[in-house]
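What follows is a single structure, written as structure tokens, with notes after it.
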Amino acid sequence: MTEFIQLVLAGTANGCIYGLLALALVLIYRSTHIINFGQGEMAMFSTYICWSFLNAGMGYWVAVPLTLILAFAAGIAVQRILIRPVQNAPELTIVIVTLGLYLFFNSLALWIYSGVPKPFPLPTGIRQASWQVGDIFIIPYHLFIFAVLITLMAVLYVLFQRTKLGLGLRAAAAQPASSRLVGINVNWMLALGWGIAAAAGALAGILSAPVVQLEPNFMATILIFSFASATLGGFDSPPGAVVGGIAIGNIVALGGRYIEFIGTQLDIVLALVVIVAVLLIRPAGLFGRQVVQRV
Amino acid sequence: MSAILEAVNLRAAYGDRPVLFGIDLRVPERGIVALLGANGAGKTTTLRALLAEVRTWGDVRYQGESIAGKSTQDLVRMGMVMVPEGRGTFTDFTVEENLLLGAYSRRDKDGIRRDIERMYGYFPVLGQRRKQRAGSMSGGEQQMLAIARALMSRPKLLLLDEPSLGLAPLIVQEIFGILTTINREEGVSMLLVEQDAVRALKVATYAYLLETGRVALEGTADQLAASDDVRRAYLGY
């Protein structure tokens with residue numbers, strides 16, 4: 001039982017990170033109906049930027065917000081420069097562009113930072129040693145990740161549901177043509193969506209860097225788990241992405257321990273099994289809406 | 001009377017397929033002008049061309065100024081607002097959110113609040129359903145919502161695309177009653193695209209008859225209603 005709880009705690013912490021990246025994927029999918037395969041690498045590169053700030057002597061609590069702002073701006077730039085020109089092109093074209101983003105940021109990181117893993121510190125003020133509650137060890141950083149996720153969800157909820165900008169963002173995503181007719185600048189809303197997604201992704205990268213090591217491919221596996229999370233939660237539901245992420249985190253942690261042949265080597269198979277199962281049983285995901293199309 | 005909208009030699013194309021071949025059109029200040037014609041005559045395209053939603057050439061003046069190069073959202077901010085065919089309802093949003101979206105180009109919070117209440121006065125059914133998902137309402141209710149949403153932007157010129165489409169006669173009568181009230185009391189000019197020519201000619205003062213992207217006939221509503229050509233071809237008696 002102790003071990004089970006221990007696994008759930010670790011699985012949930014990892015799941016929060018999958019959920020964050022899945023959230024980024026969902027924010028973009030909802031508004032543009034494309035999956036940004038470059039999302040993980042954009043997050044990876046942002047994490048390197050953050051590492052550079054830290055390495056230059058900047059404090060954690062300055063470097064991270066600064067990185068998020070830069071990631072936000074970069075997300076907007078990517079949308080305006082690369083995505084907007086192909087917005088109305090066939091889906092395959094857009095997919096190829098996002099794959100190009102993947103390769104671009106991956107190569108850029110390798111070129112600038114080399115493939116040698118970099119150590120990434122814990123946030124200042126978060127201690128390494130764990131607390132012991134009965135037989136269970138609680139790692140402070142896991143609680144930190146969880147708290148960050150909850151805070152971000154609250155901020156996004158207020159933004160999307162309680163502000164005029166959020167109303168515009170939701171409207172532009174749901175019905176671009178009607179939105180234009182009420183005077184919403186739809187192109188800008190889509191760009192802002194990319195900015196928010198890029199910042200959420202960067203946060204996922206920064207939070208996972210202290211746990212796994214920072215190297216140019218470190219987000220690739222996490223991206224796969226995030227795909228599984230978004231598929232499970234429903235590709236058009238932001239809360240679904242987070243719930244899906246935590247579920248995938250636990251499935252991987254528990255499956256790796258209790259299913260003999262999985263271990264830590266085959267855990268990605270669990271993600272693929274979830275993707276296939278969801279697509280077979282409930283293609284819209286747990287929180288997604290079935291789309292009925294008139295033909 | 002001075003014109004709020006004046007188009008000279010308006011042409012438009014979808015891709016490289018031309019649809020409008022030079023339309024001259026004028027909407028007087030505070031007037032209601034009807035745009036009639038069979039399916040495919042270019043009525044909807046004319047509205048979309050005026051709002052810069054399709055590739056457009058020609059000289060369009062709105063409130064005396066050329067609007068060449070302006071984007072759709074610029075024009076909406078300037079008070080030229082479309083009530084689209086199919087109504088453009090934000091289906092997953094509540095009735096009230098739809099009205100707020102209509103006022104998206106405004107900044108006066110108090111004024112927006114007051115206008116929402118005013119819309120509930122014009123359309124009591126919307127007030128009863130303010131928290132309801134707009135997509136779950138009937139066609140007539142959604143048409144009312146579409147008009148209310150357009151009015152929320154404080155328009156000076158409404159471009160109405162087939163407001164009677166698919167609605168029961170009683171509802172159509174109600175909607176046209178409200179439109180004439182709004183025109184009279186708030187001085188909103190209207191360019192009305194309508195299949196139901198009899199009804200359109202009753203509320204309009206002037207009308208244009210389009211045929212394959214050109215103006216085939218124009219005149220006061222009475223002239224057009226009395227014209228044998230119009231009667232036979234489009235009014236069906």
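Every chain in the structure tokens takes a letter, A first, then B, and so on in the order presented; its residues are numbered from 1, and the ligands are numbered from 1 following the presented order.
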
- Message: Can you pull out the residues contacting range 38-49 of chain A? Cut-off 7 Å, using only C-alpha atoms, and skip same-chain residues under 5 positions away; I want them as an NGL selection string.
- Response: :A and (25 or 67 or 71 or 98-99 or 101-102 or 105-106 or 109 or 198 or 201-202 or 205-206 or 216 or 219-220 or 223)

Up to 6 Å from chain A, what residues of chain B turn up? Count only C-alpha atoms and give them as a PDB file with C-alpha atoms, in the first residue's frame.
ATOM      1  CA  GLN B  73     -13.455  44.232 -38.331  1.00  0.00           C
ATOM      2  CA  VAL B  76     -17.783  46.645 -38.008  1.00  0.00           C
ATOM      3  CA  GLY B  88     -23.992  33.309 -37.338  1.00  0.00           C
ATOM      4  CA  GLY B 102     -22.036  41.629 -30.491  1.00  0.00           C
ATOM      5  CA  SER B 105     -15.961  46.508 -30.540  1.00  0.00           C
TER       6      SER B 105
END

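Near Ser208 in chain A, within a cut-off of 9 Å and counting only C-alpha atoms, sit the residues A:Asn14, A:Ile17, A:Ile145, A:Leu214, A:Met219, with same-chain residues fewer than 6 positions away left out.
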
- Run DSSP on the backbone and give me the residues of range 54-146 of chain A it puts in strand (DSSP E), as JSON, numbers by chain. {"A": [131, 132, 133, 136, 137, 138]}

- Task: Excluding Glu185 in chain B and any residue of its chain fewer than 6 positions from it, enumerate the residues within 12 Å of it, using only C-alpha atoms, and give them as a PyMOL selection string.
- Result: chain B and resi 30+178-179

Please, could you write that set of residues out with C-alpha atoms as a PDB file, in the first residue's frame?
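See out.pdb below for the written result:
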ATOM      1  CA  ARG B  30     -31.970  56.286 -42.226  1.00  0.00           C
ATOM      2  CA  ILE B 178     -39.132  45.074 -34.952  1.00  0.00           C
ATOM      3  CA  LEU B 179     -36.820  45.979 -37.837  1.00  0.00           C
TER       4      LEU B 179
END

- Message: Could you go through range 136-183 of chain A and tell me which residues DSSP, when run on the backbone, assigns to alpha helix (DSSP H), listing them as a PyMOL selection string?
- Response: chain A and resi 140-162+164-174+176-181

I need the chosen residues saved as a PDB file, in the first residue's frame, with C-alpha atoms.
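Result file again_14.pdb:
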ATOM      1  CA  PRO A 140       8.373  18.936  -1.899  1.00  0.00           C
ATOM      2  CA  TYR A 141       9.042  19.531  -5.585  1.00  0.00           C
ATOM      3  CA  HIS A 142       6.126  17.245  -6.503  1.00  0.00           C
ATOM      4  CA  LEU A 143       3.802  19.392  -4.414  1.00  0.00           C
ATOM      5  CA  PHE A 144       5.283  22.466  -6.075  1.00  0.00           C
ATOM      6  CA  ILE A 145       4.514  21.110  -9.557  1.00  0.00           C
ATOM      7  CA  PHE A 146       0.971  20.314  -8.487  1.00  0.00           C
ATOM      8  CA  ALA A 147       0.499  23.804  -7.019  1.00  0.00           C
ATOM      9  CA  VAL A 148       1.825  25.458 -10.170  1.00  0.00           C
ATOM     10  CA  LEU A 149      -0.603  23.466 -12.296  1.00  0.00           C
ATOM     11  CA  ILE A 150      -3.592  24.342 -10.094  1.00  0.00           C
ATOM     12  CA  THR A 151      -2.624  28.018 -10.128  1.00  0.00           C
ATOM     13  CA  LEU A 152      -2.250  28.042 -13.893  1.00  0.00           C
ATOM     14  CA  MET A 153      -5.623  26.355 -14.329  1.00  0.00           C
ATOM     15  CA  ALA A 154      -7.246  28.977 -12.113  1.00  0.00           C
ATOM     16  CA  VAL A 155      -5.605  31.821 -14.041  1.00  0.00           C
ATOM     17  CA  LEU A 156      -6.671  30.333 -17.377  1.00  0.00           C
ATOM     18  CA  TYR A 157     -10.196  29.744 -16.114  1.00  0.00           C
ATOM     19  CA  VAL A 158     -10.543  33.387 -15.108  1.00  0.00           C
ATOM     20  CA  LEU A 159      -8.985  34.524 -18.375  1.00  0.00           C
ATOM     21  CA  PHE A 160     -11.231  32.409 -20.591  1.00  0.00           C
ATOM     22  CA  GLN A 161     -14.485  32.562 -18.660  1.00  0.00           C
ATOM     23  CA  ARG A 162     -14.455  35.914 -16.905  1.00  0.00           C
ATOM     24  CA  LYS A 164     -13.688  40.035 -22.472  1.00  0.00           C
ATOM     25  CA  LEU A 165     -10.419  38.901 -24.030  1.00  0.00           C
ATOM     26  CA  GLY A 166     -11.252  35.324 -23.029  1.00  0.00           C
ATOM     27  CA  LEU A 167     -14.686  35.614 -24.599  1.00  0.00           C
ATOM     28  CA  GLY A 168     -13.018  36.780 -27.803  1.00  0.00           C
ATOM     29  CA  LEU A 169     -10.447  33.968 -27.665  1.00  0.00           C
ATOM     30  CA  ARG A 170     -13.169  31.353 -27.223  1.00  0.00           C
ATOM     31  CA  ALA A 171     -15.380  32.860 -29.905  1.00  0.00           C
ATOM     32  CA  ALA A 172     -12.546  33.142 -32.433  1.00  0.00           C
ATOM     33  CA  ALA A 173     -11.652  29.504 -31.798  1.00  0.00           C
ATOM     34  CA  ALA A 174     -15.216  28.216 -32.032  1.00  0.00           C
ATOM     35  CA  PRO A 176     -14.041  32.429 -36.729  1.00  0.00           C
ATOM     36  CA  ALA A 177     -16.414  33.612 -39.460  1.00  0.00           C
ATOM     37  CA  SER A 178     -19.057  34.875 -37.021  1.00  0.00           C
ATOM     38  CA  SER A 179     -16.335  36.389 -34.844  1.00  0.00           C
ATOM     39  CA  ARG A 180     -15.089  38.511 -37.720  1.00  0.00           C
ATOM     40  CA  LEU A 181     -18.619  39.793 -38.227  1.00  0.00           C
TER      41      LEU A 181
END

- Give me the residues within 9 Å of Thr32 in chain A as a PyMOL selection string, counting only C-alpha atoms and dropping any in the same chain fewer than 2 places off. chain A and resi 27-30+34-35+87+173+190

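We find CA of Val242 in chain A and CA of Cys16 in chain A to be spaced 6.8 Å apart.
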
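Close contacts of Ile81 in chain A, defined as residues with an atom at most 12 Å away when counting only C-alpha atoms, with chain neighbours fewer than 3 positions off set aside, comprise A:Ala74, A:Gly75, A:Ile76, A:Ala77, A:Val78, A:Arg84, A:Pro85, A:Val86, A:Gln87, A:Val97, A:Leu101, A:Asn187, A:Ala191, A:Trp194.
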
- Query: Between B:Pro28, B:Gly111, B:Gly64, B:Gly127, which one has atoms that come closest to Leu157 in chain B, using only C-alpha atoms?
  - Reply: B:Pro28

- Could you give me, as JSON, numbers by chain, the residues within 8 Å of Gly249 in chain A, counting only C-alpha atoms and dropping anything in the same chain fewer than 2 positions from it? {"A": [11, 12, 13, 14, 15, 16, 18, 245, 246, 247, 251, 252, 253]}

- Task: Tell me which of B:Leu209, B:Leu224, B:Leu100, B:Val27 sits closest to Gln195 in chain B, counting only C-alpha atoms.
- Result: B:Leu209
